[in-house]
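K.L.:
One structure follows; several queries about it will come next.
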Amino acid sequence: MGFERLLGNERLKQNLSQSLRRGHISHFYLISGPRGAGKRTLARLLAAAILCRESGKPCMSCSVCRRVLDGNHPDFITVDDPEKKTVTVDLIRDARADIYVQPNESDHKIYLFPRAQDMGLPGQNALLKVLEEPPKYGVFLLLTDNPDKLLPTVRSRCTELKLQSLPEDVIRRQLERDFPNADAEDITAAILRSGSFLGQAREILSDGDQIPPQTESFVRSFAGRDALGLTQTLVPMEKWKRDALGEILQSWLELMEGALVCRSGGTAVSGLSRTLAVSRGSAELLEGARCLKKAVDYCAANVSPAAICGYLCWALR
């Protein structure tokens with residue numbers, strides 16, 4: 001079956017496959033786990049398995065499975081507006097009304113809620129009305145990284161599928177395939193920082209591949225005690241917008257914190273942090289982190305970028 005596309009979580013996949021083979025389909029599934037745990041992957045595979053008409057569901061090769069995975073099956077509907085911070089009650093009411101319209105071409109009609117934790121109390125209460133008496137063909141997939149944000153009355157009606165972290169050998173093999181040029185030390189650090197959740201580990205390693213030139217210049221100058229180089233890095237940044245300046249200074253602070261982790265015997269995901277750890281002592285790194293934290297706070301307090309860069313030229317020299 002196609003559930004092999006979800007790494008790890010062997011017991012969950014086995015139990016789910018057995019239930020589907022017996023024709024046991026819940027009206028409500030609560031798929032929970034931290035960011036990057038594979039919630040969307042499992043939701044798509046489960047939807048494909050429910051709608052697939054072939055043997056060994058999901059077969060992953062029929063047109064139904066392909067359309068579900070591509071997100072364009074008419075009976076697999078996503079309830080969300082990514083441009084809004086919350087899932088509005090109007091969206092939920094629209095889905096509640098639509099559920100009573102018969103499926104277009106399948107035996108089931110599936111509604112995916114990618115951000116169930118972002119439904120407010122009015123939205124959850126609106127959803128609860130259909131959870132109490134759903135049509136026989138209706139299926140709801142609620143995804144959340146924090147089940148405690150859902151009402152107990154909502155959770156009690158759901159079959160919870162809780163995703164676990166991956167075994168180290170499994171996630172390491174996958175990351176080595178995804179990032180063939182990454183150092184073994186970087187992969188180890190990404191696994192540790194992500195808690196062995198693949199999505200988070202991928203983000204960490206991907207971010208490491210996108211290093212702004214200003215960051216490389218900052219690390220080179222600070223590590224080499226090059227006050228002139230540091231000034232040449234910071235002066236052009238005086239013209240930056242405050243938000244952009246705050247974002248890059250926050251990344252420098254994280255590099256400094258990673259270097260402190262290295263100095264204390266830990267593993268940092270960034271090679272730049274390791275460079276800082278080799279070049280500077282713990283006290284110097286701690287003072288650098290303190291200065292950068294103050295600069296980040298200045299950005300939040302609407303201090304001018306020119307003043308912030310001037311402060312760092314003096315404080316980090």
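Every chain in the structure tokens takes a letter, A first, then B, and so on in the order presented; its residues are numbered from 1, and the ligands are numbered from 1 following the presented order.
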Find the residues around stretch 229-234 of chain A up to 9 Å (only C-alpha atoms counted), leave out those fewer than 4 positions away in its own chain, and share them as a ChimeraX atom specification.
P.N.:
/A:214-215,217-222,225,238,309-310,312-314,316-317
K.L.:
Write out as a PDB file with N, CA and C atoms, in the first residue's frame which residues come within 6 Å of stretch 240-247 of chain A when counting only C-alpha atoms, dropping same-chain ones fewer than 4 positions away.
P.N.:
ATOM      1  N   VAL A 296      18.700  43.545  18.011  1.00  0.00           N
ATOM      2  CA  VAL A 296      17.396  43.028  17.575  1.00  0.00           C
ATOM      3  C   VAL A 296      16.274  43.735  18.328  1.00  0.00           C
ATOM      4  N   CYS A 299      15.677  47.117  16.900  1.00  0.00           N
ATOM      5  CA  CYS A 299      14.862  47.064  15.685  1.00  0.00           C
ATOM      6  C   CYS A 299      13.376  47.019  16.031  1.00  0.00           C
ATOM      7  N   PRO A 305      17.857  52.179  11.573  1.00  0.00           N
ATOM      8  CA  PRO A 305      18.891  51.224  11.146  1.00  0.00           C
ATOM      9  C   PRO A 305      20.301  51.804  11.212  1.00  0.00           C
TER      10      PRO A 305
END
K.L.:
Using DSSP secondary structure from the backbone, list all strand (DSSP E or B) positions within stretch 141-212 of chain A, as a PyMOL selection string.
P.N.:
chain A and resi 141-144+159-162
K.L.:
Those same residues - N, CA and C atoms - I'd like them written as a PDB file, in the first residue's frame.
P.N.:
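Generated output (out.pdb):
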ATOM      1  N   LEU A 141     -10.721  15.543   8.007  1.00  0.00           N
ATOM      2  CA  LEU A 141      -9.337  15.353   8.422  1.00  0.00           C
ATOM      3  C   LEU A 141      -8.856  16.643   9.079  1.00  0.00           C
ATOM      4  N   LEU A 142      -8.675  16.603  10.374  1.00  0.00           N
ATOM      5  CA  LEU A 142      -8.242  17.775  11.130  1.00  0.00           C
ATOM      6  C   LEU A 142      -6.760  17.620  11.458  1.00  0.00           C
ATOM      7  N   LEU A 143      -5.949  18.553  10.994  1.00  0.00           N
ATOM      8  CA  LEU A 143      -4.508  18.515  11.242  1.00  0.00           C
ATOM      9  C   LEU A 143      -4.158  19.547  12.300  1.00  0.00           C
ATOM     10  N   THR A 144      -3.341  19.158  13.263  1.00  0.00           N
ATOM     11  CA  THR A 144      -2.976  20.113  14.300  1.00  0.00           C
ATOM     12  C   THR A 144      -1.624  19.765  14.909  1.00  0.00           C
ATOM     13  N   THR A 159     -10.959  10.126  15.635  1.00  0.00           N
ATOM     14  CA  THR A 159      -9.955   9.075  15.731  1.00  0.00           C
ATOM     15  C   THR A 159      -8.591   9.749  15.586  1.00  0.00           C
ATOM     16  N   GLU A 160      -7.816   9.753  16.656  1.00  0.00           N
ATOM     17  CA  GLU A 160      -6.547  10.491  16.613  1.00  0.00           C
ATOM     18  C   GLU A 160      -5.436   9.628  16.029  1.00  0.00           C
ATOM     19  N   LEU A 161      -4.718  10.195  15.081  1.00  0.00           N
ATOM     20  CA  LEU A 161      -3.541   9.578  14.473  1.00  0.00           C
ATOM     21  C   LEU A 161      -2.346  10.452  14.856  1.00  0.00           C
ATOM     22  N   LYS A 162      -1.599  10.009  15.836  1.00  0.00           N
ATOM     23  CA  LYS A 162      -0.508  10.821  16.377  1.00  0.00           C
ATOM     24  C   LYS A 162       0.810  10.397  15.757  1.00  0.00           C
TER      25      LYS A 162
END
K.L.:
Give me, as a list in words, all polymer residues having an atom no more than 6 Å from stretch 268-282 of chain A, counting only C-alpha atoms and skipping those fewer than 6 positions away in the same chain.
P.N.:
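Near neighbours after the sequence-gap exclusion: Asp186, Ala189, Ala190, Ala223, Leu255, Gly258 and Ala259 of chain A.
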K.L.:
Using N, CA, C and O atoms, can you export the residues from the last selection as a CSV table (one decimal), in the first residue's frame?
P.N.:
chain,number,residue,atom,x,y,z
A,186,ASP,N,26.6,18.4,9.8
A,186,ASP,CA,25.4,19.2,9.6
A,186,ASP,C,24.1,18.4,9.7
A,186,ASP,O,23.1,18.8,10.3
A,189,ALA,N,23.5,17.5,13.3
A,189,ALA,CA,22.9,18.7,14.0
A,189,ALA,C,21.5,19.0,13.6
A,189,ALA,O,20.7,19.3,14.5
A,190,ALA,N,21.1,18.8,12.4
A,190,ALA,CA,19.8,19.0,11.9
A,190,ALA,C,18.8,18.0,12.6
A,190,ALA,O,17.7,18.3,13.0
A,223,ALA,N,35.1,36.6,13.3
A,223,ALA,CA,36.0,35.5,13.7
A,223,ALA,C,37.5,36.0,13.6
A,223,ALA,O,38.3,35.5,14.4
A,255,LEU,N,23.4,32.3,15.0
A,255,LEU,CA,24.8,31.8,14.7
A,255,LEU,C,25.7,31.9,16.0
A,255,LEU,O,26.4,30.9,16.3
A,258,GLY,N,24.6,29.3,18.4
A,258,GLY,CA,25.1,28.0,17.9
A,258,GLY,C,26.6,27.8,18.2
A,258,GLY,O,27.0,26.7,18.6
A,259,ALA,N,27.3,28.9,18.1
A,259,ALA,CA,28.8,28.8,18.5
A,259,ALA,C,28.9,28.5,19.9
A,259,ALA,O,29.8,27.8,20.3
K.L.:
A:Arg67: which residues within 12 Å, counting only C-alpha atoms, same-chain residues fewer than 2 positions away excluded, as a VMD selection string?
P.N.:
chain A and resid 44 to 45 47 to 48 51 to 52 60 to 65 69 to 77
K.L.:
Convert the current residue selection to file output with all heavy atoms, as a short mmCIF file (atom, residue, chain, number, x, y, z; two decimals), in the first residue's frame.
P.N.:
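Output contents, as saved in result11.cif:
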data_model
loop_
_atom_site.label_atom_id
_atom_site.label_comp_id
_atom_site.auth_asym_id
_atom_site.auth_seq_id
_atom_site.Cartn_x
_atom_site.Cartn_y
_atom_site.Cartn_z
N ARG A 44 -2.99 13.32 2.86
CA ARG A 44 -3.17 13.04 1.43
C ARG A 44 -3.24 11.54 1.16
O ARG A 44 -4.05 11.07 0.35
CB ARG A 44 -2.05 13.69 0.62
CG ARG A 44 -2.15 15.21 0.53
CD ARG A 44 -1.22 15.75 -0.53
NE ARG A 44 0.18 15.50 -0.21
CZ ARG A 44 0.96 16.35 0.45
NH1 ARG A 44 0.47 17.50 0.86
NH2 ARG A 44 2.23 16.05 0.70
N LEU A 45 -2.37 10.78 1.84
CA LEU A 45 -2.38 9.33 1.64
C LEU A 45 -3.68 8.72 2.15
O LEU A 45 -4.24 7.81 1.51
CB LEU A 45 -1.19 8.70 2.36
CG LEU A 45 0.20 9.04 1.81
CD1 LEU A 45 1.29 8.48 2.71
CD2 LEU A 45 0.37 8.52 0.39
N ALA A 47 -6.61 10.25 2.40
CA ALA A 47 -7.67 10.65 1.48
C ALA A 47 -7.62 9.80 0.21
O ALA A 47 -8.67 9.35 -0.29
CB ALA A 47 -7.54 12.13 1.13
N ALA A 48 -6.42 9.55 -0.30
CA ALA A 48 -6.30 8.71 -1.49
C ALA A 48 -6.79 7.30 -1.21
O ALA A 48 -7.47 6.68 -2.04
CB ALA A 48 -4.84 8.69 -1.95
N LEU A 51 -10.65 7.23 -1.16
CA LEU A 51 -11.30 7.47 -2.45
C LEU A 51 -10.88 6.47 -3.52
O LEU A 51 -11.59 6.30 -4.52
CB LEU A 51 -11.00 8.89 -2.93
CG LEU A 51 -11.52 10.03 -2.03
CD1 LEU A 51 -11.12 11.39 -2.61
CD2 LEU A 51 -13.02 9.96 -1.85
N CYS A 52 -9.74 5.81 -3.34
CA CYS A 52 -9.22 4.88 -4.34
C CYS A 52 -10.18 3.70 -4.54
O CYS A 52 -10.74 3.17 -3.57
CB CYS A 52 -7.85 4.37 -3.91
SG CYS A 52 -7.08 3.21 -5.07
N MET A 60 -1.77 4.42 -5.52
CA MET A 60 -0.83 5.47 -5.91
C MET A 60 -0.59 5.55 -7.41
O MET A 60 0.26 6.32 -7.85
CB MET A 60 0.53 5.30 -5.20
CG MET A 60 0.44 5.13 -3.70
SD MET A 60 -0.55 6.41 -2.91
CE MET A 60 0.44 7.83 -3.21
N SER A 61 -1.32 4.77 -8.20
CA SER A 61 -1.10 4.81 -9.64
C SER A 61 -2.37 5.16 -10.42
O SER A 61 -2.28 5.57 -11.58
CB SER A 61 -0.56 3.46 -10.13
OG SER A 61 -1.45 2.41 -9.80
N CYS A 62 -3.55 4.99 -9.83
CA CYS A 62 -4.79 5.29 -10.55
C CYS A 62 -5.01 6.79 -10.62
O CYS A 62 -4.36 7.58 -9.92
CB CYS A 62 -5.98 4.60 -9.88
SG CYS A 62 -6.42 5.30 -8.27
N SER A 63 -5.95 7.20 -11.45
CA SER A 63 -6.21 8.63 -11.62
C SER A 63 -6.74 9.26 -10.35
O SER A 63 -6.46 10.44 -10.06
CB SER A 63 -7.22 8.84 -12.76
OG SER A 63 -8.46 8.24 -12.46
N VAL A 64 -7.50 8.50 -9.56
CA VAL A 64 -8.04 9.04 -8.30
C VAL A 64 -6.89 9.39 -7.36
O VAL A 64 -6.83 10.51 -6.81
CB VAL A 64 -9.00 8.03 -7.64
CG1 VAL A 64 -9.37 8.49 -6.24
CG2 VAL A 64 -10.25 7.85 -8.49
N CYS A 65 -5.99 8.45 -7.14
CA CYS A 65 -4.86 8.70 -6.24
C CYS A 65 -4.02 9.88 -6.73
O CYS A 65 -3.61 10.74 -5.94
CB CYS A 65 -3.99 7.45 -6.11
SG CYS A 65 -4.74 6.12 -5.14
N LEU A 69 -3.35 13.40 -4.67
CA LEU A 69 -2.00 13.86 -4.32
C LEU A 69 -1.68 15.20 -4.95
O LEU A 69 -0.93 16.01 -4.38
CB LEU A 69 -0.97 12.81 -4.75
CG LEU A 69 -1.07 11.46 -4.03
CD1 LEU A 69 -0.02 10.50 -4.56
CD2 LEU A 69 -0.92 11.63 -2.54
N ASP A 70 -2.26 15.46 -6.13
CA ASP A 70 -2.05 16.75 -6.79
C ASP A 70 -2.95 17.84 -6.24
O ASP A 70 -2.78 19.02 -6.59
CB ASP A 70 -2.28 16.62 -8.30
CG ASP A 70 -1.21 15.78 -8.98
OD1 ASP A 70 -0.13 15.62 -8.39
OD2 ASP A 70 -1.47 15.27 -10.09
N GLY A 71 -3.93 17.46 -5.42
CA GLY A 71 -4.83 18.45 -4.82
C GLY A 71 -5.93 18.94 -5.73
O GLY A 71 -6.46 20.03 -5.50
N ASN A 72 -6.31 18.14 -6.73
CA ASN A 72 -7.38 18.61 -7.64
C ASN A 72 -8.50 17.59 -7.81
O ASN A 72 -9.15 17.55 -8.84
CB ASN A 72 -6.79 18.99 -9.00
CG ASN A 72 -6.03 17.83 -9.65
OD1 ASN A 72 -6.20 16.68 -9.29
ND2 ASN A 72 -5.18 18.16 -10.61
N HIS A 73 -8.73 16.77 -6.78
CA HIS A 73 -9.88 15.86 -6.81
C HIS A 73 -11.10 16.60 -6.29
O HIS A 73 -11.04 17.23 -5.23
CB HIS A 73 -9.61 14.60 -5.97
CG HIS A 73 -10.58 13.50 -6.22
ND1 HIS A 73 -11.89 13.56 -5.80
CD2 HIS A 73 -10.45 12.30 -6.86
CE1 HIS A 73 -12.53 12.45 -6.15
NE2 HIS A 73 -11.68 11.68 -6.80
N PRO A 74 -12.24 16.55 -6.98
CA PRO A 74 -13.41 17.34 -6.56
C PRO A 74 -14.01 16.91 -5.23
O PRO A 74 -14.76 17.69 -4.62
CB PRO A 74 -14.40 17.12 -7.71
CG PRO A 74 -13.99 15.84 -8.35
CD PRO A 74 -12.50 15.79 -8.22
N ASP A 75 -13.71 15.70 -4.78
CA ASP A 75 -14.26 15.24 -3.50
C ASP A 75 -13.23 15.28 -2.38
O ASP A 75 -13.43 14.69 -1.32
CB ASP A 75 -14.81 13.81 -3.65
CG ASP A 75 -16.03 13.78 -4.56
OD1 ASP A 75 -16.85 14.71 -4.48
OD2 ASP A 75 -16.14 12.83 -5.36
N PHE A 76 -12.12 15.99 -2.61
CA PHE A 76 -11.11 16.22 -1.58
C PHE A 76 -10.93 17.73 -1.46
O PHE A 76 -10.29 18.36 -2.31
CB PHE A 76 -9.80 15.53 -1.95
CG PHE A 76 -8.72 15.67 -0.91
CD1 PHE A 76 -8.99 15.55 0.44
CD2 PHE A 76 -7.40 15.92 -1.29
CE1 PHE A 76 -7.99 15.68 1.39
CE2 PHE A 76 -6.39 16.04 -0.36
CZ PHE A 76 -6.69 15.92 0.99
N ILE A 77 -11.51 18.32 -0.44
CA ILE A 77 -11.66 19.77 -0.34
C ILE A 77 -10.86 20.31 0.85
O ILE A 77 -10.98 19.79 1.97
CB ILE A 77 -13.15 20.14 -0.17
CG1 ILE A 77 -13.94 19.62 -1.39
CG2 ILE A 77 -13.35 21.63 0.00
CD1 ILE A 77 -15.25 18.99 -1.03
#
K.L.:
I'd like the interatomic distance between atom CA of A:Cys291 and atom CA of A:Arg193, to a tenth of an Å.
P.N.:
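Between atom CA of A:Cys291 and atom CA of A:Arg193 the gap works out to 24.4 Å.
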K.L.:
Which polymer residues have any atom within 9 Å of an atom of A:Ile25, counting only C-alpha atoms, with same-chain residues fewer than 6 positions away left out, as a PDB file with N, CA, C and O atoms, in the first residue's frame?
P.N.:
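This went into selection-v5.pdb:
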ATOM      1  N   SER A  19      -7.549  -1.251   9.305  1.00  0.00           N
ATOM      2  CA  SER A  19      -8.899  -0.686   9.432  1.00  0.00           C
ATOM      3  C   SER A  19      -9.520  -0.433   8.068  1.00  0.00           C
ATOM      4  O   SER A  19     -10.700  -0.738   7.836  1.00  0.00           O
ATOM      5  N   ILE A  50      -9.045   6.362   0.951  1.00  0.00           N
ATOM      6  CA  ILE A  50     -10.509   6.346   1.104  1.00  0.00           C
ATOM      7  C   ILE A  50     -11.200   6.443  -0.254  1.00  0.00           C
ATOM      8  O   ILE A  50     -12.208   5.776  -0.508  1.00  0.00           O
ATOM      9  N   VAL A 139     -16.229  12.755   5.506  1.00  0.00           N
ATOM     10  CA  VAL A 139     -15.002  12.491   6.258  1.00  0.00           C
ATOM     11  C   VAL A 139     -14.285  13.821   6.494  1.00  0.00           C
ATOM     12  O   VAL A 139     -14.129  14.616   5.560  1.00  0.00           O
TER      13      VAL A 139
END
K.L.:
Can you list, as number ranges by chain, every protein, DNA or RNA residue that comes within 9 Å of A:Thr88 when you count only C-alpha atoms, leaving out same-chain residues fewer than 2 positions away?
P.N.:
A: 80-81, 84-86, 90-93, 118-120, 122-123
K.L.:
Quick one: of A:Leu228, A:Ile99, A:Leu112, A:Leu292, who's nearest to A:Leu249, counting only C-alpha atoms?
P.N.:
A:Leu292
K.L.:
Using only C-alpha atoms, which residue out of A:Arg115, A:Phe28, A:Thr41, A:Asp94 lies closest to A:Tyr137?
P.N.:
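For A:Tyr137, the nearest of the candidates is A:Phe28.
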K.L.:
From the options A:Ala295, A:Met237, A:Lys57, A:Leu7, which residue's atoms come nearest to A:Leu20, counting only C-alpha atoms?
P.N.:
A:Lys57
K.L.:
Assign secondary structure with DSSP using the backbone only, and return the residues of stretch 86-302 of chain A in alpha helix (DSSP H) as number ranges by chain.
P.N.:
A: 89-98, 121-132, 152-155, 168-178, 184-194, 198-208, 213-223, 227-234, 242-263, 271-279, 282-300
K.L.:
Can you measure atom CA of A:Lys136 to atom CA of A:Val68 for me? One decimal in Å is fine.
P.N.:
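Value for the atom CA of A:Lys136-atom CA of A:Val68 distance: 20.4 Å.
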K.L.:
Hey, which of A:Arg96, A:Arg173, A:His24, A:Arg66 ends up closest to A:Val79? Count only C-alpha atoms.
P.N.:
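Smallest distance to A:Val79 is found for A:Arg96.
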K.L.:
Give me the residues near A:Thr78 as a PyMOL selection string, where near means some atom within 8 Å (using only C-alpha atoms) and where sequence neighbours in that chain fewer than 5 positions away do not count.
P.N.:
chain A and resi 111-114
K.L.:
Considering only C-alpha atoms, state which residue in the set A:Pro82, A:Asp297, A:Pro152, A:Val235 is at the smallest distance from A:Leu253.
P.N.:
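Closest candidate: A:Asp297.
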K.L.:
Measuring atom to atom with only C-alpha atoms, identify which of A:Ile191, A:Glu284, A:Arg157, A:Pro34 is nearest to A:Asp169.
P.N.:
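Residue with the minimum atom-to-atom distance to A:Asp169: A:Ile191.
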